[in-house]
Amino acid sequence: MLDLRLQFDLTDVEKDLYRMEAPVSRGTGDLDLRILNVEQDGGVLLSWTGDDGSTKIGKYDPRTKQTKLLYTFDHSVCISSCSLNSEETLLAVSLSQNPRDDQRLKPISKCVTLLMEIRPIHNTKVLKAVDCRVKVQFLHAVTQHRMAHESHLLVLTGDGYVDLLHVPLTRQHGDRVVILNPERLSRTAERLVEDANCFQWDRSSQRLFYVKFQDGSTLLHCVQFHLDRRCETVLQLPLKLPENAFPGVQFVNLGFDHFHTPVRERVRVEVFTQTEGSLYVCCSRLPDDGQEVTYTLILLHKDVSKTFRVTLGNEQEARQHPLFFTIGSYLVAHLSGCFLHCINGRQPELSCHSLFLSGDDAGTGLQSGCFTVLHSESGSSLLDWTKGQMYQVDFSPAPLLTILHSATPSRLQLPRHLSTATSYDDSPSLSRQPRTWAESQRLAALHILLVQLGSDPVLELQIIDWLCDRMTQVHSFNPFQEVVMASLFRICCHQNLGLDPVLPFSSLQQLQEVAPSLLDVPGVICSTETQLRAVFTAKTGGGHGFWSKLQWNIERSKHLKALQNSRYQTTTIRDDWNQLHSGATPSGVRDRFLEDAQKVLNSMDSHLDKRLVALVQEDDHLQRALIGLTVDKLREHLWRFLPRLGKKTIDAIAMDYVAKLLELVRHMLESVWLRYKLEPHVPSLKESVRPAESAVFHFMFRTLEATLGLCLPLPLGFNSLLSMLALRCLPRHTFLQYLDHRCLQLTESFVCRLVTELDNSDDNEKLKFSVLSRLAQPLQKKMFHMWDHPISSASLSRAYVRTLLEQRLTHKGFGSNREHSGFGPDFLPLTFLTGILSDVEGAAPQQLQQQENIDSHFVEETALKQTLVSLALQRK
């Protein structure tokens with residue numbers, strides 16, 4: 001289910017160190033290579049044993065792929081913590097006693113903390129000698145100077161306090177850097193925290209999170225360190241934890257202590273942040289019996305907290321805490337061999353948008369006790385400290401696609417183009433054992449594919465494959481609607497939490513009642529709490545930093561919860577939609593819609609010659625009005641709920657949203673066109689039907705159903721192309737039934753091609769007349785002008801005669817003063833009628849200019865030809 005991409009492998013470093021050490025004097029040549037810490041720049045601090053038994057510390061640079069020696073202890077020591085300043089002039093190390101060594105550190109202390117000058121190696125300063133664990137971490141501030149004049153070191157102890165040391169530096173004799181007044185170093189220490197229970201360091205953002213019990217409650221605090229030496233506590237968040245939740249102090253993301261024996265932790269707390277202003281707090285608790293795991297996820301940016309209680313199987317037991325990490329906007333909770341829970345951090349309202357797998361289905365290859373999460377705003381990395389390997393983690397599309405394709409046993413195997421897909425998943429159930437999946441799991445997998453991985457063109461084609469699969473049976477949601485809504489949400493809300501609460505992301509929001517199968521996850525009980533009491537204790541700045549974004553997200557979430565129906569629902573415009581279809585919309589409003597639609601169409605890609613699908617270019621006024629209506633209603637919704645954005649920005653968002661919708665539908669059509677290898681032109685009605693066209697028709701028709709259900713407009717030319725494919729692929733009586741049930745919309749372009757491309761055989765004549773009779777009167781009259789056929793001529797003649805006779809009745813007294821020369825011998829009734837028509841034409845020529853080349857002579861000709869055909873004296 002997970003794709004692990006190797007970023008760092010200790011064995012590669014070990015090969016270089018073997019060449020560096022040339023261990024000829026040892027029998028085994030064991031370097032005892034260990035990872036100590038990962039600094040902000042991605043550099044990995046390492047320790048290894050030299051040929052002479054010494055302990056060495058070095059730094060691996062991921063950019064140069066080289067390892068540089070920093071310091072050497074002349075004997076074997078146990079390094080429990082290590083950090084290097086950004087200029088690589090100071091090295092801080094905490095040494096712990098080796099329980100297997102008879103030579104204890106003197107004076108007898110369990111931990112000694114040292115600060116060493118390493119450019120060049122010179123003085124060593126003892127910072128602490130205590131009987132508890134000590135962690136050290138340099139602050140990494142970006143400076144414009146070649147060398148900073150001061151370094152700042154955090155010293156965190158197992159007694160629950162934190163000191164910040166400001167270490168002044170000076171340059172001597174060229175590049176030599178030493179501590180200025182080292183004897184006064186202890187006076188620079190600044191006590192930041194006391195009596196804390198848990199510490200977590202965020203290396204990318206330079207933040208320190210800690211948990212502390214005070215005033216009868218457990219609070220999560222955050223200290224933000226700034227470039228100008230300032231630090232301030234910016235956040236306090238109450239946590240529902242008992243006072244005795246921590247038997248000892250926890251250190252998270254503060255390096256790796258290979259000599260410390262961990263104790264069983266009843267409670268574990270971890271914090272994740274992301275640059276767009278989201279903050280997650282994960283609290284997990286282990287029960288005494290081990291048969292149930294409880295974990296709480298606080299989504300502070302959403303002002304919501306969710307507590308999950310997972311009941312394990314009879315043969316399962318939770319001996320360790322779940323492993324928490326982030327993948328994009330998803331927060332993952334994984335307990336090896338028990339469950340994998342991928343929580344949608346941007347849309348956590350419905351459980352069916354979060355994927356939960358249990359038992360063998362949750363296999364990922366990750367052992368919870370072997371992996372450590374490296375926290376970063378850009379995303380989590382996983383470190384397997386038993387193998388010395390670091391991974392970037394993402395979702396693997398192949399198992400997710402397997403879940404989608406598993407509706408029936410006959411469709412459980414992956415399609416042929418997926419058989420060679422690379423997957424890092426070790427789960428046998430996904431790759432070898434066919435099975436069916438709940439529709440809630442299929443929906444969650446679909447959203448991960450669309451929202452998290454959807455920018456991959458190959459994956460897009462694979463999802464189109466799934467949509468084209470006629471064997472796919474989904475009852476509780478419409479897959480086409482979900483693909484459109486989720487894809488459009490990803491495109492328009494990419495890294496923009498501001499639009500998350502107001503734009504739709506799922507078609508389920510349009511339903512009055514969601515299917516029960518989508519609301520509950522078997523074996524999982526979820527409770528939700530809102531109105532979190534987060535307190536920001538410092539000014540958050542001008543609105544562009546993380547804390548400003550987070551505070552704005554929280555305030556907006558609370559505001560939108562107070563207002564109801566803040567998320568835009570496309571179906572709310574159905575009444576206006578129906579008025580447009582019926583022509584009841586006032587002309588002024590319709591003109592405004594057409595103006596907005598033209599702006600949307602102008603903003604879209606105009607390189608139509610490069611399109612794979614040549615949609616019919618037409619002036620479809622109804623679709624244009626629907627496009628403008630959608631822009632107008634979305635703009636009105638945004639202005640109501642996000643007025644802070646301003647009119648200009650809201651206009652741009654609304655038009656861009658609709659433009660992206662039209663481009664998305666067209667892109668889906670091009671993908672299915674490519675899948676079936678159709679020619680890049682509109683098929684002619686005269687050509688023979690290819691089997692692939694039938695599949696494309698069904699795909700387009702289901703797309704039409706999906707968009708009509710959501711009241712969404714379609715690209716211009718979509719309806720014309722769909723009607724052409726329908727006429728080619730369906731029996732003609734079925735095609736006419738589709739028209740009668742309004743499943744197809746007749747357009748001027750389609751009818752024009754119908755009457756011009758098809759000959760006038762008996763069957764085609766019946767079809768044309770059936771279609772023309774279903775047109776509105778203005779369009780019907782226009783199409784009769786284009787059809788060179790006795791039926792159309794007769795219809796035009798009748799309409800013309802009716803018009804002239806109405807004129808004669810209105811203006812009585814027209815006389816017959818013209819000679820009538822008929823078409824051949826005089827046929828008295830016809831001669832008399834044409835005479836009357838000629839008189840009316842002569843009396844009111846201006847009123848009949850719109851009749852377009854139809855006159856009394858045309859009527860006479862048509863009547864005689866129709867008579868000859870009826871008498872079998874002439875063929876049609």
# chains A, B, ... in the order shown; residues from 1 in each chain; ligands from 1
>>> select_by_dssp(residues="stretch 434-639 of chain A", states="helix (DSSP H, G or I)", output="PyMOL selection string")
chain A and resi 439-452+457-468+479-492+497-499+507-510+516-518+546-562+570-582+587-603+608-610+621-639
>>> residues_around(residues="A:Ser380", least_positions_apart="2", cutoff="9 Å", atoms="only C-alpha atoms", output="ChimeraX atom specification")
/A:272,325-328,373-378,382,392-393
>>> closest_residue(among="A:Ala534, A:Leu772, A:Met1, A:Val755", to="A:Leu219", atoms="only C-alpha atoms")
A:Ala534
>>> closest_residue(among="A:Pro691, A:Pro62, A:Pro247, A:Gly588", to="A:Val263", atoms="only C-alpha atoms")
A:Pro247
>>> closest_atom_pairs(of="stretch 253-343 of chain A", to="stretch 517-526 of chain A", cutoff="12 Å", atoms="only C-alpha atoms", output="tab-separated table")
residue	atom	partner	partner_atom	distance
A:Gln291	CA	A:Gly523	CA	11.7
A:Glu292	CA	A:Val524	CA	9.9
A:Val293	CA	A:Val524	CA	9.8
A:Thr294	CA	A:Ile525	CA	9.5
A:Tyr295	CA	A:Cys526	CA	9.9
A:Thr296	CA	A:Cys526	CA	9.5
A:Leu297	CA	A:Cys526	CA	10.7
A:Ser305	CA	A:Cys526	CA	10.2
A:Lys306	CA	A:Cys526	CA	6.7
A:Thr307	CA	A:Cys526	CA	5.6
A:Phe308	CA	A:Cys526	CA	4.7
A:Arg309	CA	A:Ile525	CA	5.1
A:Val310	CA	A:Val524	CA	4.8
A:Thr311	CA	A:Gly523	CA	5.6
A:Leu312	CA	A:Gly523	CA	7.8
A:Gly313	CA	A:Gly523	CA	9.3
A:Cys338	CA	A:Gly523	CA	11.5
A:Phe339	CA	A:Gly523	CA	10.5
A:Leu340	CA	A:Val524	CA	11.8
A:His341	CA	A:Val524	CA	10.3
>>> closest_residue(among="A:Leu714, A:Ala706, A:Leu95, A:Val502", to="A:Leu115", atoms="only C-alpha atoms")
A:Leu95
>>> residues_around(residues="stretch 169-184 of chain A", least_positions_apart="6", cutoff="10 Å", atoms="only C-alpha atoms", output="PDB file with N, CA and C atoms, in the first residue's frame")
ATOM      1  N   GLU A  87      27.550  26.199  10.777  1.00  0.00           N
ATOM      2  CA  GLU A  87      28.865  26.565  10.216  1.00  0.00           C
ATOM      3  C   GLU A  87      29.887  25.451  10.356  1.00  0.00           C
ATOM      4  N   GLU A  88      29.506  24.365  11.058  1.00  0.00           N
ATOM      5  CA  GLU A  88      30.375  23.206  11.280  1.00  0.00           C
ATOM      6  C   GLU A  88      31.660  23.610  11.999  1.00  0.00           C
ATOM      7  N   THR A  89      31.465  24.467  13.017  1.00  0.00           N
ATOM      8  CA  THR A  89      32.603  24.862  13.851  1.00  0.00           C
ATOM      9  C   THR A  89      32.495  24.324  15.270  1.00  0.00           C
ATOM     10  N   LEU A  90      31.280  23.959  15.709  1.00  0.00           N
ATOM     11  CA  LEU A  90      31.058  23.443  17.051  1.00  0.00           C
ATOM     12  C   LEU A  90      30.311  22.120  16.976  1.00  0.00           C
ATOM     13  N   LEU A 115      30.841  20.319  24.775  1.00  0.00           N
ATOM     14  CA  LEU A 115      30.821  21.238  23.640  1.00  0.00           C
ATOM     15  C   LEU A 115      32.252  21.394  23.153  1.00  0.00           C
ATOM     16  N   MET A 116      32.483  21.044  21.866  1.00  0.00           N
ATOM     17  CA  MET A 116      33.853  20.951  21.354  1.00  0.00           C
ATOM     18  C   MET A 116      34.037  21.862  20.145  1.00  0.00           C
ATOM     19  N   GLU A 117      35.200  22.520  20.109  1.00  0.00           N
ATOM     20  CA  GLU A 117      35.604  23.299  18.944  1.00  0.00           C
ATOM     21  C   GLU A 117      36.248  22.346  17.935  1.00  0.00           C
ATOM     22  N   ILE A 118      35.790  22.386  16.694  1.00  0.00           N
ATOM     23  CA  ILE A 118      36.297  21.423  15.708  1.00  0.00           C
ATOM     24  C   ILE A 118      36.880  22.097  14.471  1.00  0.00           C
ATOM     25  N   ARG A 119      37.044  23.422  14.478  1.00  0.00           N
ATOM     26  CA  ARG A 119      37.713  24.079  13.351  1.00  0.00           C
ATOM     27  C   ARG A 119      38.816  24.991  13.873  1.00  0.00           C
ATOM     28  N   PRO A 120      39.980  24.492  14.101  1.00  0.00           N
ATOM     29  CA  PRO A 120      40.319  23.058  14.179  1.00  0.00           C
ATOM     30  C   PRO A 120      39.921  22.492  15.544  1.00  0.00           C
ATOM     31  N   ILE A 121      40.173  21.202  15.736  1.00  0.00           N
ATOM     32  CA  ILE A 121      39.866  20.574  17.019  1.00  0.00           C
ATOM     33  C   ILE A 121      40.734  21.223  18.097  1.00  0.00           C
ATOM     34  N   HIS A 122      40.090  21.775  19.095  1.00  0.00           N
ATOM     35  CA  HIS A 122      40.837  22.532  20.098  1.00  0.00           C
ATOM     36  C   HIS A 122      40.239  22.288  21.466  1.00  0.00           C
ATOM     37  N   ASN A 123      39.522  23.255  22.012  1.00  0.00           N
ATOM     38  CA  ASN A 123      39.016  23.170  23.375  1.00  0.00           C
ATOM     39  C   ASN A 123      37.757  22.316  23.459  1.00  0.00           C
ATOM     40  N   THR A 124      37.555  21.716  24.624  1.00  0.00           N
ATOM     41  CA  THR A 124      36.343  20.970  24.944  1.00  0.00           C
ATOM     42  C   THR A 124      35.791  21.497  26.243  1.00  0.00           C
ATOM     43  N   LYS A 125      34.525  21.851  26.243  1.00  0.00           N
ATOM     44  CA  LYS A 125      33.870  22.422  27.414  1.00  0.00           C
ATOM     45  C   LYS A 125      32.810  21.462  27.915  1.00  0.00           C
ATOM     46  N   MET A 147      30.361  33.645   8.397  1.00  0.00           N
ATOM     47  CA  MET A 147      30.418  32.943   9.670  1.00  0.00           C
ATOM     48  C   MET A 147      29.598  33.701  10.691  1.00  0.00           C
ATOM     49  N   ALA A 148      28.702  32.995  11.360  1.00  0.00           N
ATOM     50  CA  ALA A 148      27.896  33.634  12.387  1.00  0.00           C
ATOM     51  C   ALA A 148      28.768  33.924  13.598  1.00  0.00           C
ATOM     52  N   HIS A 149      28.455  34.999  14.285  1.00  0.00           N
ATOM     53  CA  HIS A 149      29.223  35.379  15.476  1.00  0.00           C
ATOM     54  C   HIS A 149      28.672  34.737  16.734  1.00  0.00           C
ATOM     55  N   GLU A 150      27.649  33.921  16.597  1.00  0.00           N
ATOM     56  CA  GLU A 150      27.048  33.287  17.753  1.00  0.00           C
ATOM     57  C   GLU A 150      26.304  32.036  17.317  1.00  0.00           C
ATOM     58  N   SER A 151      26.430  30.977  18.087  1.00  0.00           N
ATOM     59  CA  SER A 151      25.651  29.761  17.885  1.00  0.00           C
ATOM     60  C   SER A 151      24.747  29.560  19.084  1.00  0.00           C
TER      61      SER A 151
END
>>> atom_distance(atom1="atom CA of A:Arg574", atom2="atom CA of A:Phe697")
25.7 Å
>>> select_by_dssp(residues="stretch 71-171 of chain A", states="strand (DSSP E or B)", output="JSON, numbers by chain")
{"A": [71, 72, 73, 78, 79, 80, 81, 82, 83, 84, 90, 91, 92, 93, 94, 95, 96, 111, 112, 113, 114, 115, 116, 117, 118, 121, 122, 123, 124, 125, 126, 127, 128, 129, 130, 134, 135, 136, 137, 138, 150, 151, 152, 153, 154, 155, 156, 157, 162, 163, 164, 165, 166, 167, 168, 169, 170, 171]}
>>> residues_around(residues="A:Ser329", least_positions_apart="2", cutoff="8 Å", atoms="only C-alpha atoms", output="list in words")
Thr326, Ile327, Leu331, Asn344, Gly345, Arg346 and Gln452 of chain A
>>> write_last_selection(atoms="N, CA, C and O atoms", output="mmCIF file, in the first residue's frame")
data_model
loop_
_atom_site.group_PDB
_atom_site.id
_atom_site.type_symbol
_atom_site.label_atom_id
_atom_site.label_comp_id
_atom_site.auth_asym_id
_atom_site.auth_seq_id
_atom_site.Cartn_x
_atom_site.Cartn_y
_atom_site.Cartn_z
ATOM 1 N N THR A 326 2.891 11.553 7.934
ATOM 2 C CA THR A 326 2.050 12.253 6.972
ATOM 3 C C THR A 326 2.480 11.923 5.551
ATOM 4 O O THR A 326 3.655 11.734 5.268
ATOM 5 N N ILE A 327 1.486 11.855 4.661
ATOM 6 C CA ILE A 327 1.708 11.732 3.214
ATOM 7 C C ILE A 327 0.834 12.795 2.565
ATOM 8 O O ILE A 327 -0.372 12.614 2.414
ATOM 9 N N LEU A 331 -2.938 11.910 6.992
ATOM 10 C CA LEU A 331 -2.247 11.500 8.209
ATOM 11 C C LEU A 331 -2.450 9.997 8.370
ATOM 12 O O LEU A 331 -3.588 9.523 8.384
ATOM 13 N N ASN A 344 -7.985 11.476 5.931
ATOM 14 C CA ASN A 344 -7.982 12.640 5.056
ATOM 15 C C ASN A 344 -7.958 13.892 5.919
ATOM 16 O O ASN A 344 -8.950 14.272 6.529
ATOM 17 N N GLY A 345 -6.808 14.567 5.967
ATOM 18 C CA GLY A 345 -6.652 15.714 6.851
ATOM 19 C C GLY A 345 -7.348 16.962 6.378
ATOM 20 O O GLY A 345 -7.606 17.864 7.173
ATOM 21 N N ARG A 346 -7.669 17.037 5.094
ATOM 22 C CA ARG A 346 -8.334 18.229 4.583
ATOM 23 C C ARG A 346 -9.854 18.070 4.587
ATOM 24 O O ARG A 346 -10.578 19.049 4.654
ATOM 25 N N GLN A 452 -4.415 12.841 -3.972
ATOM 26 C CA GLN A 452 -3.012 12.773 -3.574
ATOM 27 C C GLN A 452 -2.100 12.418 -4.739
ATOM 28 O O GLN A 452 -0.989 12.939 -4.834
#
